[in-house]
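Chemist: Below is the file query16.txt, with compact mmCIF, C-alpha atoms and all ligand atoms.
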```txt
# COMPACT_ATOMS: atom_id res chain seq x y z
CA MET Q 18 37.21 -15.11 50.00
CA LEU Q 19 36.91 -16.74 46.57
CA LYS Q 20 38.89 -19.96 46.13
CA VAL Q 21 41.03 -20.01 43.01
CA GLY Q 22 42.46 -22.87 40.93
CA ILE Q 23 45.13 -22.23 38.30
CA ILE Q 24 45.42 -24.64 35.37
CA GLY Q 25 48.81 -24.18 33.69
CA LEU Q 26 51.60 -22.97 35.93
CA GLY Q 27 54.11 -21.96 33.27
CA PHE Q 28 55.21 -18.38 32.64
CA ILE Q 29 51.92 -16.51 32.96
CA GLY Q 30 50.32 -18.96 35.42
CA LYS Q 31 53.11 -18.15 37.90
CA MET Q 32 52.62 -14.46 37.31
CA HIS Q 33 48.89 -14.81 38.08
CA LEU Q 34 49.66 -16.81 41.24
CA ALA Q 35 51.94 -14.02 42.48
CA THR Q 36 49.44 -11.33 41.48
CA PHE Q 37 46.58 -12.93 43.44
CA ARG Q 38 48.83 -13.20 46.48
CA LYS Q 39 50.28 -9.69 46.25
CA ALA Q 40 46.86 -8.05 46.05
CA GLY Q 41 45.29 -10.41 48.59
CA LEU Q 42 42.63 -11.24 46.00
CA GLY Q 43 41.23 -14.74 46.36
CA GLU Q 44 42.95 -17.73 47.90
CA VAL Q 45 44.83 -19.97 45.48
CA VAL Q 46 43.83 -23.43 46.70
CA ALA Q 47 44.89 -25.61 43.75
CA VAL Q 48 47.23 -25.57 40.80
CA ALA Q 49 47.76 -27.99 37.91
CA ASP Q 50 50.67 -28.38 35.55
CA ARG Q 51 52.14 -31.14 33.38
CA VAL Q 52 55.76 -30.36 34.34
CA PRO Q 53 56.66 -31.60 37.85
CA GLY Q 54 59.27 -28.83 38.25
CA ASN Q 55 56.52 -26.21 37.85
CA LEU Q 56 54.83 -27.61 40.97
CA SER Q 57 57.92 -27.07 43.12
CA GLY Q 58 57.24 -23.45 44.09
CA ASP Q 59 60.02 -22.14 41.85
CA ALA Q 60 59.16 -18.61 40.70
CA ASP Q 61 61.01 -18.72 37.38
CA GLY Q 62 58.55 -19.18 34.51
CA GLY Q 63 61.15 -18.30 31.86
CA GLY Q 64 59.19 -15.37 30.39
CA ASN Q 65 59.75 -11.62 30.29
CA ILE Q 66 58.18 -10.71 33.67
CA ALA Q 67 59.99 -11.61 36.91
CA VAL Q 68 57.95 -13.10 39.75
CA ASP Q 69 58.84 -12.50 43.41
CA SER Q 70 59.95 -15.88 44.81
CA GLU Q 71 58.11 -15.32 48.12
CA LEU Q 72 54.84 -15.10 46.20
CA ALA Q 73 55.43 -18.37 44.32
CA SER Q 74 55.34 -20.78 47.27
CA LEU Q 75 52.96 -23.72 46.86
CA ASP Q 76 52.87 -24.68 50.54
CA GLY Q 77 49.32 -25.70 51.46
CA VAL Q 78 48.16 -25.60 47.82
CA LYS Q 79 46.74 -28.82 46.28
CA LEU Q 80 48.90 -29.91 43.36
CA TYR Q 81 47.62 -31.74 40.28
CA SER Q 82 49.52 -33.12 37.31
CA ASN Q 83 46.77 -32.11 34.86
CA GLY Q 84 43.81 -29.79 34.58
CA ASP Q 85 41.20 -32.55 34.42
CA ALA Q 86 42.13 -33.79 37.90
CA LEU Q 87 41.91 -30.26 39.31
CA LEU Q 88 38.45 -29.78 37.80
CA ALA Q 89 37.26 -33.15 39.12
CA GLU Q 90 38.58 -32.78 42.66
CA SER Q 91 39.15 -29.16 43.64
CA ASP Q 92 36.61 -26.99 45.45
CA ALA Q 93 37.87 -23.85 43.66
CA ASP Q 94 35.11 -21.32 42.85
CA VAL Q 95 37.12 -19.71 40.05
CA VAL Q 96 39.51 -21.35 37.62
CA LEU Q 97 42.20 -19.39 35.83
CA ILE Q 98 43.21 -21.06 32.58
CA ALA Q 99 46.84 -20.26 31.72
CA LEU Q 100 47.27 -23.13 29.30
CA PRO Q 101 48.70 -23.10 25.78
CA THR Q 102 46.15 -21.36 23.55
CA TYR Q 103 45.10 -24.52 21.67
CA LEU Q 104 43.76 -25.91 24.99
CA HIS Q 105 41.71 -22.84 25.96
CA LYS Q 106 38.47 -23.96 24.34
CA GLU Q 107 38.55 -27.49 25.78
CA PHE Q 108 39.35 -26.41 29.35
CA THR Q 109 37.09 -23.35 29.40
CA ILE Q 110 34.10 -25.48 28.43
CA LYS Q 111 35.04 -28.24 30.87
CA ALA Q 112 35.49 -25.73 33.69
CA LEU Q 113 32.12 -24.05 33.02
CA GLU Q 114 30.50 -27.49 32.97
CA ALA Q 115 32.18 -28.22 36.31
CA ASP Q 116 30.40 -25.11 37.69
CA LYS Q 117 33.51 -22.95 37.94
CA HIS Q 118 33.73 -19.27 37.06
CA VAL Q 119 36.43 -18.98 34.39
CA ILE Q 120 39.18 -16.47 33.64
CA CYS Q 121 40.87 -17.64 30.46
CA GLU Q 122 44.13 -16.11 29.29
CA LYS Q 123 44.13 -14.24 25.99
CA PRO Q 124 43.80 -14.98 23.15
CA MET Q 125 40.44 -16.60 23.73
CA ALA Q 126 41.24 -19.44 21.29
CA VAL Q 127 43.25 -20.32 18.21
CA ASN Q 128 40.45 -19.25 15.87
CA ALA Q 129 37.02 -17.61 15.84
CA ALA Q 130 35.19 -20.93 15.34
CA GLU Q 131 36.56 -22.21 18.66
CA GLY Q 132 35.80 -18.85 20.25
CA GLU Q 133 32.17 -19.13 19.12
CA ALA Q 134 31.84 -22.50 20.88
CA MET Q 135 33.19 -20.88 24.07
CA VAL Q 136 30.74 -17.98 23.84
CA ALA Q 137 27.88 -20.46 23.37
CA ALA Q 138 29.05 -22.51 26.40
CA ALA Q 139 29.28 -19.34 28.52
CA GLU Q 140 25.76 -18.31 27.52
CA LYS Q 141 24.40 -21.69 28.66
CA ALA Q 142 26.38 -21.79 31.92
CA ASP Q 143 25.27 -20.12 35.11
CA ARG Q 144 28.88 -19.22 35.86
CA LEU Q 145 30.81 -16.19 34.55
CA PHE Q 146 33.42 -16.25 31.82
CA PHE Q 147 36.07 -13.61 31.23
CA VAL Q 148 39.05 -13.44 28.86
CA ALA Q 149 42.13 -11.87 30.47
CA HIS Q 150 42.78 -9.03 28.01
CA CYS Q 151 44.97 -7.23 30.51
CA ILE Q 152 45.68 -4.19 28.30
CA ARG Q 153 42.07 -3.12 28.72
CA PHE Q 154 43.00 -2.64 32.40
CA TRP Q 155 46.52 -1.23 31.94
CA PRO Q 156 46.54 2.21 33.62
CA ALA Q 157 47.92 4.39 30.79
CA TYR Q 158 45.67 2.66 28.24
CA VAL Q 159 42.64 3.04 30.51
CA LYS Q 160 43.35 6.75 31.01
CA ALA Q 161 43.79 7.36 27.27
CA GLN Q 162 40.46 5.63 26.60
CA GLU Q 163 38.78 7.80 29.25
CA LEU Q 164 40.21 10.99 27.72
CA ILE Q 165 39.01 10.00 24.25
CA GLY Q 166 35.54 9.21 25.65
CA GLU Q 167 35.33 12.55 27.49
CA GLY Q 168 36.16 14.39 24.24
CA THR Q 169 38.17 17.13 26.00
CA TYR Q 170 40.88 17.01 23.35
CA GLY Q 171 38.58 16.37 20.40
CA LYS Q 172 38.59 13.47 18.00
CA VAL Q 173 41.41 11.01 17.34
CA ARG Q 174 42.80 11.71 13.88
CA ARG Q 175 45.63 9.22 13.92
CA ALA Q 176 46.89 6.56 16.33
CA HIS Q 177 49.84 4.20 16.31
CA PHE Q 178 50.37 1.19 18.57
CA SER Q 179 53.51 -0.90 18.87
CA ARG Q 180 54.40 -4.12 20.73
CA VAL Q 181 57.75 -5.78 20.09
CA SER Q 182 59.89 -8.41 21.76
CA PRO Q 183 62.36 -11.17 21.05
CA LYS Q 184 60.90 -14.53 20.07
CA PRO Q 185 59.45 -16.37 23.11
CA SER Q 186 61.85 -19.15 24.05
CA TRP Q 187 60.26 -20.61 27.16
CA SER Q 188 57.07 -22.40 26.13
CA TRP Q 189 56.12 -25.94 27.13
CA GLU Q 190 57.01 -28.35 24.29
CA GLY Q 191 57.68 -25.26 22.12
CA TRP Q 192 53.91 -24.73 21.53
CA LEU Q 193 54.29 -20.95 21.08
CA LEU Q 194 56.44 -21.42 17.98
CA ASP Q 195 53.86 -23.65 16.29
CA GLU Q 196 51.30 -21.43 14.54
CA ALA Q 197 48.62 -24.15 14.70
CA LYS Q 198 48.87 -24.16 18.51
CA SER Q 199 49.46 -20.48 19.28
CA GLY Q 200 48.43 -18.43 16.24
CA GLY Q 201 51.98 -17.06 16.15
CA CYS Q 202 52.89 -13.47 16.95
CA LEU Q 203 49.53 -12.18 15.68
CA LEU Q 204 47.38 -14.08 18.17
CA ASP Q 205 49.89 -14.16 20.98
CA LEU Q 206 51.38 -10.65 21.11
CA HIS Q 207 49.75 -8.35 18.58
CA ILE Q 208 46.20 -9.25 19.70
CA HIS Q 209 46.72 -7.16 22.86
CA ASP Q 210 46.65 -3.97 20.76
CA VAL Q 211 44.03 -5.25 18.31
CA ASP Q 212 41.69 -5.97 21.22
CA TYR Q 213 42.28 -2.52 22.74
CA VAL Q 214 41.85 -0.72 19.41
CA ASN Q 215 38.58 -2.58 18.81
CA ASP Q 216 37.35 -1.61 22.26
CA VAL Q 217 38.22 2.07 21.80
CA PHE Q 218 37.46 2.61 18.10
CA GLY Q 219 35.25 -0.34 17.12
CA PRO Q 220 35.72 -2.51 14.04
CA PRO Q 221 37.42 -0.68 11.14
CA ALA Q 222 35.87 -0.20 7.71
CA THR Q 223 39.01 -1.50 6.01
CA ILE Q 224 42.08 -3.44 7.06
CA ALA Q 225 45.36 -3.55 5.13
CA ALA Q 226 48.09 -5.72 6.65
CA ARG Q 227 51.58 -6.74 5.66
CA GLY Q 228 53.59 -9.37 7.51
CA ILE Q 229 56.65 -11.56 7.41
CA ARG Q 230 56.12 -15.32 7.71
CA THR Q 231 58.70 -17.59 9.25
CA GLY Q 232 57.65 -21.17 8.42
CA ALA Q 233 55.69 -23.10 11.03
CA GLU Q 234 55.92 -20.17 13.46
CA GLY Q 235 53.50 -18.14 11.32
CA VAL Q 236 53.66 -14.38 10.91
CA GLY Q 237 56.37 -13.07 13.23
CA ASP Q 238 56.21 -9.41 12.25
CA VAL Q 239 53.14 -7.42 11.19
CA MET Q 240 52.21 -3.85 10.30
CA VAL Q 241 48.52 -3.17 9.81
CA SER Q 242 46.39 -0.12 9.12
CA TYR Q 243 42.77 0.18 10.23
CA GLU Q 244 40.74 2.88 8.47
CA TYR Q 245 37.48 4.19 9.91
CA ASP Q 246 34.55 5.85 8.16
CA ASN Q 247 35.00 8.98 10.31
CA GLY Q 248 38.53 9.45 8.92
CA THR Q 249 40.49 8.07 11.89
CA LEU Q 250 43.55 6.08 10.80
CA VAL Q 251 45.10 3.55 13.20
CA THR Q 252 48.29 1.60 12.54
CA ILE Q 253 49.47 -1.28 14.70
CA GLU Q 254 52.83 -3.01 14.59
CA GLY Q 255 53.61 -6.28 16.32
CA SER Q 256 56.84 -8.22 16.23
CA TRP Q 257 58.55 -11.01 18.08
CA GLU Q 258 61.47 -10.98 15.64
CA GLN Q 259 63.78 -8.82 17.79
CA HIS Q 260 67.18 -10.18 18.78
CA ALA Q 261 67.66 -11.72 22.22
CA THR Q 262 68.72 -8.72 24.32
CA PHE Q 263 66.08 -6.35 22.88
CA PRO Q 264 63.70 -5.52 25.76
CA PHE Q 265 59.96 -6.18 25.49
CA ARG Q 266 58.37 -2.85 24.68
CA MET Q 267 54.80 -1.59 24.27
CA ALA Q 268 53.93 1.93 23.17
CA PHE Q 269 51.30 4.16 21.59
CA ARG Q 270 50.93 7.64 20.18
CA MET Q 271 47.55 9.18 19.48
CA THR Q 272 47.03 12.51 17.71
CA LEU Q 273 43.78 14.19 18.70
CA ASP Q 274 42.49 17.58 17.51
CA LYS Q 275 43.90 19.37 20.58
CA ALA Q 276 46.55 17.06 22.07
CA SER Q 277 48.94 14.20 21.41
CA LEU Q 278 48.85 11.27 23.85
CA GLU Q 279 52.10 9.40 24.40
CA PHE Q 280 52.97 6.17 26.21
CA ASP Q 281 56.18 4.16 25.90
CA SER Q 282 57.10 1.42 28.36
CA GLY Q 283 60.73 1.98 27.29
CA ILE Q 284 60.49 5.40 29.04
CA ASP Q 285 58.14 4.65 31.95
CA MET Q 286 54.55 3.54 32.58
CA ASN Q 287 53.05 7.06 32.54
CA LEU Q 288 50.74 8.63 30.01
CA ARG Q 289 51.82 12.04 28.70
CA ILE Q 290 49.41 14.57 27.22
CA HIS Q 291 51.13 17.11 24.96
CA THR Q 292 48.49 19.80 24.49
CA ALA Q 293 48.00 22.19 21.57
CA ASP Q 294 48.66 24.99 24.13
CA GLY Q 295 52.22 23.76 24.59
CA GLU Q 296 51.79 22.06 27.97
CA THR Q 297 52.87 18.53 28.88
CA ILE Q 298 50.57 16.94 31.46
CA THR Q 299 51.23 13.64 33.23
CA PRO Q 300 47.78 12.70 34.56
CA GLU Q 301 47.38 10.60 37.68
CA ILE Q 302 46.82 6.94 36.84
CA SER Q 303 46.34 3.83 38.94
CA SER Q 304 49.51 2.39 40.46
CA GLU Q 305 48.06 -1.15 40.14
CA ASP Q 306 49.05 -3.08 37.03
CA GLY Q 307 46.53 -4.45 34.54
CA TYR Q 308 46.77 -8.03 35.83
CA THR Q 309 45.71 -7.03 39.34
CA GLN Q 310 42.95 -4.82 38.04
CA GLU Q 311 41.52 -7.49 35.75
CA HIS Q 312 41.42 -9.91 38.70
CA ARG Q 313 39.80 -7.28 40.92
CA TYR Q 314 37.19 -6.44 38.29
CA PHE Q 315 36.23 -10.06 37.58
CA PHE Q 316 36.05 -10.93 41.29
CA GLU Q 317 33.74 -7.96 41.85
CA CYS Q 318 31.52 -9.27 39.04
CA ILE Q 319 31.41 -12.74 40.64
CA GLU Q 320 30.75 -11.40 44.11
CA SER Q 321 27.97 -9.07 42.95
CA GLY Q 322 26.53 -11.69 40.56
CA ARG Q 323 26.69 -9.48 37.45
CA LYS Q 324 28.11 -10.40 34.08
CA PRO Q 325 31.25 -8.49 33.09
CA THR Q 326 30.53 -5.53 30.83
CA ARG Q 327 34.26 -5.00 30.23
CA VAL Q 328 35.82 -7.70 28.03
CA THR Q 329 32.58 -9.52 27.28
CA PRO Q 330 33.06 -12.93 25.59
CA PRO Q 331 31.61 -11.61 22.27
CA SER Q 332 34.11 -8.73 22.31
CA SER Q 333 37.01 -11.20 22.78
CA LEU Q 334 35.62 -13.11 19.82
CA GLU Q 335 35.65 -9.90 17.75
CA SER Q 336 39.39 -9.60 18.38
CA LEU Q 337 39.94 -13.11 16.98
CA ALA Q 338 37.86 -12.16 13.92
CA LEU Q 339 39.99 -9.03 13.37
CA ILE Q 340 43.18 -11.12 13.42
CA GLU Q 341 41.57 -13.40 10.83
CA ARG Q 342 40.84 -10.33 8.64
CA GLU Q 343 44.50 -9.32 9.00
CA LEU Q 344 45.65 -12.80 7.95
CA GLN Q 345 43.42 -12.65 4.88
CA SER Q 346 44.93 -9.28 3.99
CA ILE Q 347 48.48 -10.61 4.43
CA GLY Q 348 47.55 -13.59 2.20
N1 LIG S 1 48.29 -11.64 29.34
C1 LIG S 1 49.58 -11.73 29.09
O1 LIG S 1 50.31 -10.77 29.23
C2 LIG S 1 50.15 -13.07 28.67
C3 LIG S 1 51.54 -13.25 28.72
C4 LIG S 1 52.04 -14.51 28.39
C5 LIG S 1 51.19 -15.54 28.00
N2 LIG S 1 49.85 -15.30 27.90
C6 LIG S 1 48.93 -16.38 27.47
O2 LIG S 1 48.89 -17.37 28.50
C7 LIG S 1 48.79 -18.68 27.96
C8 LIG S 1 49.96 -19.52 28.50
O3 LIG S 1 51.19 -18.97 28.05
P1 LIG S 1 52.58 -19.25 28.80
O4 LIG S 1 53.57 -18.35 28.22
O5 LIG S 1 52.37 -19.22 30.28
O6 LIG S 1 52.89 -20.76 28.33
P2 LIG S 1 53.84 -21.82 29.07
O7 LIG S 1 54.21 -22.82 28.03
O8 LIG S 1 54.93 -21.13 29.83
O9 LIG S 1 52.87 -22.49 30.16
C9 LIG S 1 51.82 -23.37 29.82
C10 LIG S 1 51.76 -24.44 30.90
O10 LIG S 1 50.62 -25.28 30.69
C11 LIG S 1 50.95 -26.57 31.20
N3 LIG S 1 50.00 -27.56 30.67
C12 LIG S 1 49.88 -28.05 29.41
N4 LIG S 1 48.85 -28.92 29.34
C13 LIG S 1 48.32 -29.00 30.58
C14 LIG S 1 47.22 -29.71 31.14
N5 LIG S 1 46.46 -30.54 30.40
N6 LIG S 1 46.96 -29.53 32.45
C15 LIG S 1 47.72 -28.70 33.23
N7 LIG S 1 48.76 -27.99 32.74
C16 LIG S 1 49.05 -28.14 31.43
C17 LIG S 1 52.38 -26.80 30.74
O11 LIG S 1 53.02 -27.76 31.54
C18 LIG S 1 52.98 -25.39 30.87
O12 LIG S 1 53.73 -25.24 32.08
C19 LIG S 1 48.79 -18.50 26.44
O13 LIG S 1 47.48 -18.51 25.95
C20 LIG S 1 49.42 -17.13 26.23
O14 LIG S 1 48.98 -16.49 25.06
C21 LIG S 1 49.32 -14.11 28.26
```
What does this structure look like when you write it as structure tokens?
Ligand SMILES: NC(=O)c1ccc[n+]([C@@H]2O[C@H](COP(=O)([O-])OP(=O)(O)OC[C@H]3O[C@@H](n4cnc5c(N)ncnc54)[C@H](O)[C@@H]3O)[C@@H](O)[C@H]2O)c1
Modeler:
Amino acid sequence: MLKVGIIGLGFIGKMHLATFRKAGLGEVVAVADRVPGNLSGDADGGGNIAVDSELASLDGVKLYSNGDALLAESDADVVLIALPTYLHKEFTIKALEADKHVICEKPMAVNAAEGEAMVAAAEKADRLFFVAHCIRFWPAYVKAQELIGEGTYGKVRRAHFSRVSPKPSWSWEGWLLDEAKSGGCLLDLHIHDVDYVNDVFGPPATIAARGIRTGAEGVGDVMVSYEYDNGTLVTIEGSWEQHATFPFRMAFRMTLDKASLEFDSGIDMNLRIHTADGETITPEISSEDGYTQEHRYFFECIESGRKPTRVTPPSSLESLALIERELQSIG
């Protein structure tokens, strides 16, 4: 079984710990975090996904007060980097140089220049590197992509993606609310849909974005349209400007020649196909969430010694470049 080290045991680090345990994927042998309380086995990471307390125990796990010590001392085969985004480049490169396979949380980095350095380091390393763009593994999104690829319902004429939440309140030293450290809502939240859209439709011919800036936090609310040479029009909205009790919600609607595809986490996690013949079909999709499936996929790549073909490092870099095009359009 692959040995796993987690660097950064805040909100999403705890969720990854629980996910590895729940699926029985890998053995978490070491964790590192700067906050002593995060090394106590407490499940509460403060974010918008609850973690089962039984899966958060750190009994028998080596504890480190920073990522450098874990890299120097741990015998982990794979390191999961769940650090603030501005530390992704530094720790990804260090981990590859320490001969670890690396899963780095999304976004890959705070800008494309840093992402390029990570791609170059991964090309030199004889270990594998994977950015955890979980939406590429989220069952309803995966099924929609399959249906588009099969062409059964024709071409996508129009698609709309939405991801909205209250402002994140939990982050270590408030890093999420500092655009220089997190990239704001665009890089933190909205990039999930940008990355998926780029994977399904490719880079758009034109981008037109409008957004609302809130000081040092950066753009907190964005609406963007991507136009493609084949006539497909995609719009994507992202916002973390909702008030405190508004639930996190992700959704999409895609209009194809012969069906509309619908997903809304505010309803349930199913995909619905509304066909031109007047039927509504709820296709079977995986019951495993995207986090488990991304772990499973990357572990299979490591165990079979093949580079990931889903979420390649260059494709993660493309997502950063698209966000930079959006920022230029917003001005
Ligand atoms: N895929 C998703 O759905 C998803 C969801 C949330 C966050 N994220 C991403 O995960 C990353 C982390 O976000 P978060 O919300 O968990 O942040 P967070 O602030 O809750 O956690 C970050 C943790 O890193 C620790 N840390 C800082 N420097 C360290 C060091 N040198 N060594 C060891 N630990 C150190 C901090 O103590 C903190 O606990 C971000 O890049 C974010 O964009 C992804």
Chemist: Pick the closest to Q:Tyr245 from Q:Arg342, Q:Arg175, Q:Arg180, Q:His207: which is it, counting all atoms listed in the file?
Modeler: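 Comparing Q:Arg342, Q:Arg175, Q:Arg180, Q:His207 against Q:Tyr245, the winner is Q:Arg175.
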Chemist: Quick one: pull the distance between atom CA of Q:Tyr158 and atom CA of Q:Tyr213, Å, one decimal.
Modeler: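 Between these atoms lies a distance of 8.3 Å.
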Chemist: Go through Q:Asp59, Q:Asp69, Q:Asp205, Q:Glu107 one by one, measure the shortest atom-to-atom distance of each to ligand LIG 1 (chain S) using all atoms listed in the file, and give the residue with the smallest value.
Modeler: Q:Asp205
Chemist: Each residue of chain Q with at least one atom at most 8 Å from ligand LIG 1 (chain S) should appear once, together with its nearest atom pair and the corresponding distance in Å (one decimal); atoms considered: only C-alpha atoms and all ligand atoms; ordering: chain, then increasing residue number; output as JSON lines.
Modeler:
```
{"residue": "Q:Ile24", "atom": "CA", "partner": "S:LIG1", "partner_atom": "C15", "distance": 5.1}
{"residue": "Q:Gly25", "atom": "CA", "partner": "S:LIG1", "partner_atom": "O10", "distance": 3.7}
{"residue": "Q:Leu26", "atom": "CA", "partner": "S:LIG1", "partner_atom": "O12", "distance": 5.0}
{"residue": "Q:Gly27", "atom": "CA", "partner": "S:LIG1", "partner_atom": "O9", "distance": 3.4}
{"residue": "Q:Phe28", "atom": "CA", "partner": "S:LIG1", "partner_atom": "O5", "distance": 3.8}
{"residue": "Q:Ile29", "atom": "CA", "partner": "S:LIG1", "partner_atom": "O5", "distance": 3.8}
{"residue": "Q:Gly30", "atom": "CA", "partner": "S:LIG1", "partner_atom": "O5", "distance": 5.5}
{"residue": "Q:Lys31", "atom": "CA", "partner": "S:LIG1", "partner_atom": "O5", "distance": 7.7}
{"residue": "Q:Ala49", "atom": "CA", "partner": "S:LIG1", "partner_atom": "C15", "distance": 4.7}
{"residue": "Q:Asp50", "atom": "CA", "partner": "S:LIG1", "partner_atom": "N7", "distance": 3.4}
{"residue": "Q:Arg51", "atom": "CA", "partner": "S:LIG1", "partner_atom": "O11", "distance": 3.9}
{"residue": "Q:Val52", "atom": "CA", "partner": "S:LIG1", "partner_atom": "O11", "distance": 4.7}
{"residue": "Q:Asn55", "atom": "CA", "partner": "S:LIG1", "partner_atom": "O12", "distance": 6.5}
{"residue": "Q:Gly62", "atom": "CA", "partner": "S:LIG1", "partner_atom": "O8", "distance": 6.2}
{"residue": "Q:Gly63", "atom": "CA", "partner": "S:LIG1", "partner_atom": "O8", "distance": 7.1}
{"residue": "Q:Gly64", "atom": "CA", "partner": "S:LIG1", "partner_atom": "O4", "distance": 6.7}
{"residue": "Q:Tyr81", "atom": "CA", "partner": "S:LIG1", "partner_atom": "C15", "distance": 7.7}
{"residue": "Q:Ser82", "atom": "CA", "partner": "S:LIG1", "partner_atom": "C15", "distance": 6.3}
{"residue": "Q:Asn83", "atom": "CA", "partner": "S:LIG1", "partner_atom": "N6", "distance": 3.5}
{"residue": "Q:Gly84", "atom": "CA", "partner": "S:LIG1", "partner_atom": "N6", "distance": 3.8}
{"residue": "Q:Asp85", "atom": "CA", "partner": "S:LIG1", "partner_atom": "N6", "distance": 6.8}
{"residue": "Q:Ile98", "atom": "CA", "partner": "S:LIG1", "partner_atom": "C7", "distance": 7.6}
{"residue": "Q:Ala99", "atom": "CA", "partner": "S:LIG1", "partner_atom": "C7", "distance": 4.5}
{"residue": "Q:Leu100", "atom": "CA", "partner": "S:LIG1", "partner_atom": "O10", "distance": 4.2}
{"residue": "Q:Pro101", "atom": "CA", "partner": "S:LIG1", "partner_atom": "C19", "distance": 4.6}
{"residue": "Q:Thr102", "atom": "CA", "partner": "S:LIG1", "partner_atom": "O13", "distance": 4.0}
{"residue": "Q:Tyr103", "atom": "CA", "partner": "S:LIG1", "partner_atom": "O13", "distance": 7.8}
{"residue": "Q:Leu104", "atom": "CA", "partner": "S:LIG1", "partner_atom": "N4", "distance": 7.3}
{"residue": "Q:His105", "atom": "CA", "partner": "S:LIG1", "partner_atom": "O13", "distance": 7.2}
{"residue": "Q:Glu122", "atom": "CA", "partner": "S:LIG1", "partner_atom": "O2", "distance": 5.0}
{"residue": "Q:Lys123", "atom": "CA", "partner": "S:LIG1", "partner_atom": "O14", "distance": 5.4}
{"residue": "Q:Pro124", "atom": "CA", "partner": "S:LIG1", "partner_atom": "O14", "distance": 5.7}
{"residue": "Q:Met125", "atom": "CA", "partner": "S:LIG1", "partner_atom": "O13", "distance": 7.6}
{"residue": "Q:Ala126", "atom": "CA", "partner": "S:LIG1", "partner_atom": "O13", "distance": 7.8}
{"residue": "Q:Ala149", "atom": "CA", "partner": "S:LIG1", "partner_atom": "N1", "distance": 6.3}
{"residue": "Q:His150", "atom": "CA", "partner": "S:LIG1", "partner_atom": "N1", "distance": 6.2}
{"residue": "Q:Cys151", "atom": "CA", "partner": "S:LIG1", "partner_atom": "N1", "distance": 5.6}
{"residue": "Q:Ile152", "atom": "CA", "partner": "S:LIG1", "partner_atom": "N1", "distance": 8.0}
{"residue": "Q:Trp187", "atom": "CA", "partner": "S:LIG1", "partner_atom": "O8", "distance": 6.0}
{"residue": "Q:Ser188", "atom": "CA", "partner": "S:LIG1", "partner_atom": "O7", "distance": 3.5}
{"residue": "Q:Trp189", "atom": "CA", "partner": "S:LIG1", "partner_atom": "O7", "distance": 3.8}
{"residue": "Q:Glu190", "atom": "CA", "partner": "S:LIG1", "partner_atom": "O7", "distance": 7.2}
{"residue": "Q:Gly191", "atom": "CA", "partner": "S:LIG1", "partner_atom": "O7", "distance": 7.3}
{"residue": "Q:Trp192", "atom": "CA", "partner": "S:LIG1", "partner_atom": "O7", "distance": 6.8}
{"residue": "Q:Leu193", "atom": "CA", "partner": "S:LIG1", "partner_atom": "O7", "distance": 7.2}
{"residue": "Q:Ser199", "atom": "CA", "partner": "S:LIG1", "partner_atom": "O14", "distance": 7.0}
{"residue": "Q:Leu204", "atom": "CA", "partner": "S:LIG1", "partner_atom": "O14", "distance": 7.5}
{"residue": "Q:Asp205", "atom": "CA", "partner": "S:LIG1", "partner_atom": "O14", "distance": 4.8}
{"residue": "Q:Leu206", "atom": "CA", "partner": "S:LIG1", "partner_atom": "O14", "distance": 7.4}
{"residue": "Q:Tyr308", "atom": "CA", "partner": "S:LIG1", "partner_atom": "N1", "distance": 7.6}
```
Chemist: With all atoms listed in the file as the basis for distance, which of Q:Asp94, Q:Ser70, Q:Pro53, Q:Ser304 is at the shortest distance from Q:Met18?
Modeler: Q:Asp94
Chemist: Could you check which of Q:Glu234, Q:Glu296, Q:Asp116, Q:Asp92 is closest to Q:Leu278, using all atoms listed in the file?
Modeler: Q:Glu296
Chemist: Which distance in Å separates atom CA of Q:Lys39 and atom CA of Q:Glu71, to one decimal?
Modeler: 9.8 Å
Chemist: Find the residues with any atom within 10 Å of (47.8, 16.1, 31.9); use only C-alpha atoms and the coordinates as given in the file, and write the answer as a list in words.
Modeler: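 Residues with an atom at most 10 Å from (47.8, 16.1, 31.9): Ala276, Leu278, Leu288, Arg289, Ile290, His291, Thr292, Glu296, Thr297, Ile298, Thr299, Pro300 and Glu301 of chain Q.
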Chemist: Using Å and a single decimal, report how far atom CA of Q:Lys160 sits from atom CA of Q:Met240.
Modeler: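 Between these atoms lies a distance of 24.9 Å.
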Chemist: Looking at Q:Gly132, Q:Gly168, Q:Pro220, Q:Gly22, which one is nearest to Q:Ala112, with distances taken over all atoms listed in the file?
Modeler: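 Nearest to Q:Ala112: Q:Gly22.
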Chemist: Near Q:Glu44, within 12 Å and counting all atoms listed in the file, which residues show up once chain neighbours fewer than 5 positions away are dropped, as an NGL selection string?
Modeler: :Q and (18-23 or 33-39 or 75 or 77-79 or 92-96 or 316)
Chemist: Which is closer to Q:Ala137 than all the others in Q:Thr272, Q:Thr109, Q:Gln162, Q:Thr309, using all atoms listed in the file?
Modeler: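 Comparing Q:Thr272, Q:Thr109, Q:Gln162, Q:Thr309 against Q:Ala137, the winner is Q:Thr109.
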Chemist: Which polymer residues have any atom within 8 Å of an atom of Q:Asp281, counting only C-alpha atoms, with same-chain residues fewer than 6 positions away left out, as a PDB file with C-alpha atoms, in the frame of the given file?
Modeler:
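Okay, out14.pdb is ready:
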```
ATOM      1  CA  ARG Q 266      58.370  -2.850  24.680  1.00  0.00           C
ATOM      2  CA  MET Q 267      54.800  -1.590  24.270  1.00  0.00           C
ATOM      3  CA  ALA Q 268      53.930   1.930  23.170  1.00  0.00           C
ATOM      4  CA  PHE Q 269      51.300   4.160  21.590  1.00  0.00           C
ATOM      5  CA  ASN Q 287      53.050   7.060  32.540  1.00  0.00           C
TER       6      ASN Q 287
END
```
Chemist: Excluding Q:Thr223 and any residue of its chain fewer than 4 positions from it, enumerate the residues within 9 Å of it, using all atoms listed in the file, and give them as a list in words.
Modeler: Ser242, Tyr243, Glu244, Tyr245 and Asp246 of chain Q
